[in-house]
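Asks: Just so it is clear, I am handing over final11.pdb, which has PDB, C-alpha atoms.
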```pdb
ATOM      1  CA  MET A  56     122.547 -13.563 -46.056
ATOM      2  CA  ASP A  57     123.340 -13.283 -49.761
ATOM      3  CA  PHE A  58     121.121 -15.039 -52.270
ATOM      4  CA  ASP A  59     122.961 -17.485 -54.521
ATOM      5  CA  ASN A  60     121.129 -17.764 -57.852
ATOM      6  CA  ILE A  61     123.542 -20.383 -59.180
ATOM      7  CA  ALA A  62     122.974 -22.616 -56.149
ATOM      8  CA  VAL A  63     119.205 -22.185 -56.521
ATOM      9  CA  GLN A  64     119.343 -23.156 -60.209
ATOM     10  CA  GLN A  65     121.489 -26.208 -59.422
ATOM     11  CA  SER A  66     119.079 -27.165 -56.667
ATOM     12  CA  HIS A  67     116.094 -26.945 -59.039
ATOM     13  CA  ARG A  68     117.912 -29.030 -61.675
ATOM     14  CA  LEU A  69     118.831 -31.675 -59.093
ATOM     15  CA  PHE A  70     115.214 -31.864 -57.942
ATOM     16  CA  GLN A  71     113.901 -32.169 -61.514
ATOM     17  CA  VAL A  72     116.334 -34.997 -62.362
ATOM     18  CA  TRP A  73     115.450 -36.814 -59.130
ATOM     19  CA  LEU A  74     111.721 -36.387 -59.765
ATOM     20  CA  GLN A  75     112.003 -37.629 -63.362
ATOM     21  CA  ASN A  76     113.934 -40.709 -62.209
ATOM     22  CA  LEU A  77     111.388 -41.404 -59.493
ATOM     23  CA  LEU A  78     108.449 -41.134 -61.873
ATOM     24  CA  ARG A  79     110.179 -43.052 -64.667
ATOM     25  CA  ASN A  80     110.628 -46.014 -62.350
ATOM     26  CA  SER A  81     106.876 -45.978 -61.610
ATOM     27  CA  PRO A  82     106.695 -46.686 -57.878
ATOM     28  CA  GLU A  83     102.891 -46.566 -58.110
ATOM     29  CA  GLU A  84     103.066 -49.774 -60.136
ATOM     30  CA  LEU A  85     104.658 -51.382 -57.092
ATOM     31  CA  ALA A  86     101.380 -51.321 -55.079
ATOM     32  CA  ALA A  87     101.654 -47.603 -54.426
ATOM     33  CA  SER A  88      99.632 -44.555 -55.412
ATOM     34  CA  ARG A  89     100.995 -41.038 -55.532
ATOM     35  CA  LEU A  90      99.548 -38.539 -53.064
ATOM     36  CA  THR A  91      99.688 -34.765 -53.050
ATOM     37  CA  ASN A  92     103.207 -33.430 -52.730
ATOM     38  CA  GLY A  93     104.400 -30.928 -50.214
ATOM     39  CA  ALA A  94     107.065 -28.323 -50.807
ATOM     40  CA  PHE A  95     109.863 -30.610 -49.628
ATOM     41  CA  ASN A  96     108.532 -34.161 -49.985
ATOM     42  CA  ILE A  97     106.950 -36.487 -52.485
ATOM     43  CA  CYS A  98     104.480 -38.863 -50.875
ATOM     44  CA  TYR A  99     103.174 -42.275 -51.877
ATOM     45  CA  ARG A 100     100.561 -44.435 -50.202
ATOM     46  CA  VAL A 101     101.883 -47.987 -50.205
ATOM     47  CA  THR A 102      99.615 -50.992 -49.694
ATOM     48  CA  PHE A 103     100.972 -53.523 -47.227
ATOM     49  CA  VAL A 104      99.256 -56.709 -46.076
ATOM     50  CA  ASN A 105      98.340 -55.065 -42.759
ATOM     51  CA  GLY A 106      97.073 -51.817 -44.314
ATOM     52  CA  TYR A 107      98.257 -48.531 -45.884
ATOM     53  CA  ARG A 108     101.368 -46.610 -45.022
ATOM     54  CA  VAL A 109     102.513 -43.281 -46.363
ATOM     55  CA  VAL A 110     106.059 -43.226 -47.663
ATOM     56  CA  ARG A 111     107.631 -39.805 -47.968
ATOM     57  CA  PHE A 112     110.697 -39.097 -50.045
ATOM     58  CA  VAL A 113     112.623 -35.996 -49.066
ATOM     59  CA  ALA A 114     113.330 -34.247 -52.345
ATOM     60  CA  PRO A 115     116.995 -33.554 -53.071
ATOM     61  CA  GLY A 116     117.551 -29.941 -53.976
ATOM     62  CA  ARG A 117     114.669 -28.792 -51.780
ATOM     63  CA  VAL A 118     116.172 -29.378 -48.337
ATOM     64  CA  LEU A 119     119.778 -28.827 -47.329
ATOM     65  CA  ALA A 120     119.863 -31.182 -44.339
ATOM     66  CA  ARG A 121     117.603 -34.043 -45.482
ATOM     67  CA  LYS A 122     118.710 -36.554 -42.853
ATOM     68  CA  GLU A 123     118.234 -34.071 -40.016
ATOM     69  CA  LYS A 124     114.826 -33.022 -41.378
ATOM     70  CA  VAL A 125     113.578 -36.603 -41.339
ATOM     71  CA  GLU A 126     115.039 -37.243 -37.880
ATOM     72  CA  ASP A 127     113.275 -34.136 -36.553
ATOM     73  CA  GLU A 128     109.958 -35.199 -38.098
ATOM     74  CA  VAL A 129     110.250 -38.706 -36.635
ATOM     75  CA  ALA A 130     110.990 -37.257 -33.196
ATOM     76  CA  VAL A 131     107.902 -35.025 -33.405
ATOM     77  CA  MET A 132     105.694 -37.944 -34.521
ATOM     78  CA  GLN A 133     106.985 -40.104 -31.666
ATOM     79  CA  TYR A 134     106.320 -37.327 -29.174
ATOM     80  CA  ILE A 135     102.786 -36.765 -30.457
ATOM     81  CA  SER A 136     102.001 -40.490 -30.448
ATOM     82  CA  GLN A 137     102.913 -40.674 -26.754
TER      83      GLN A 137
END
```
Here is a file; write its structure as structure tokens.

Replies:
Amino acid sequence: MDFDNIAVQQSHRLFQVWLQNLLRNSPEELAASRLTNGAFNICYRVTFVNGYRVVRFVAPGRVLARKEKVEDEVAVMQYISQ
């Protein structure tokens, strides 16, 4: 497979713009606190009345098939919880 430097640069720029918009809108001020990020997600712990939940945002520009990635992760979590 050939490496596409232009696509990689565009992907990094898309991620940086998305991250700046996310941080500029300060989700942690909406009862959330930012957790450690992974390579493909940005995570926040959100306080609900019935306790904490982790909300993960799949970062654009880091994953090609974001919807499928999340669906796969949900399927794995459901399997493990059983």

Asks: In Å, rounded to a single decimal, give me how far CA of Val118 (chain A) is from CA of Tyr134 (chain A).

Replies: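 Computing the Euclidean distance for CA of Tyr134 (chain A) and CA of Val118 (chain A) yields 23.0 Å.
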
Asks: Any chance you could resolve the PyMOL selection byres ((chain A and resi 125-127) around 12) against this file and give the residues as a PyMOL selection string?

Replies: chain A and resi 95-96+110-114+118-124+128-134

Asks: Using CA of Gln71 (chain A) and CA of Arg100 (chain A) as the two end points, give the distance in Å to one decimal.

Replies: 21.4 Å

Asks: With only C-alpha atoms as the basis for distance, which of A:Arg117, A:His67, A:Asn60, A:Ser136 is at the shortest distance from Gly93 (chain A)?

Replies: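 Answer, going by the shortest atom-to-atom distance: A:Arg117.
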
Asks: Work out how far CA of Gln64 (chain A) is from CA of Leu78 (chain A), in Å to one decimal.

Replies: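 These two atoms are separated by 21.1 Å.
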
Asks: Given 6 Å on each side, where is the centre and what are the edge lengths in Å to one decimal of the axis-aligned box enclosing the listed atoms of region 67-74 of chain A, as lines of an AutoDock Vina configuration file?

Replies:
```
center_x = 115.3
center_y = -31.9
center_z = -60.2
size_x = 19.1
size_y = 21.9
size_z = 16.4
```
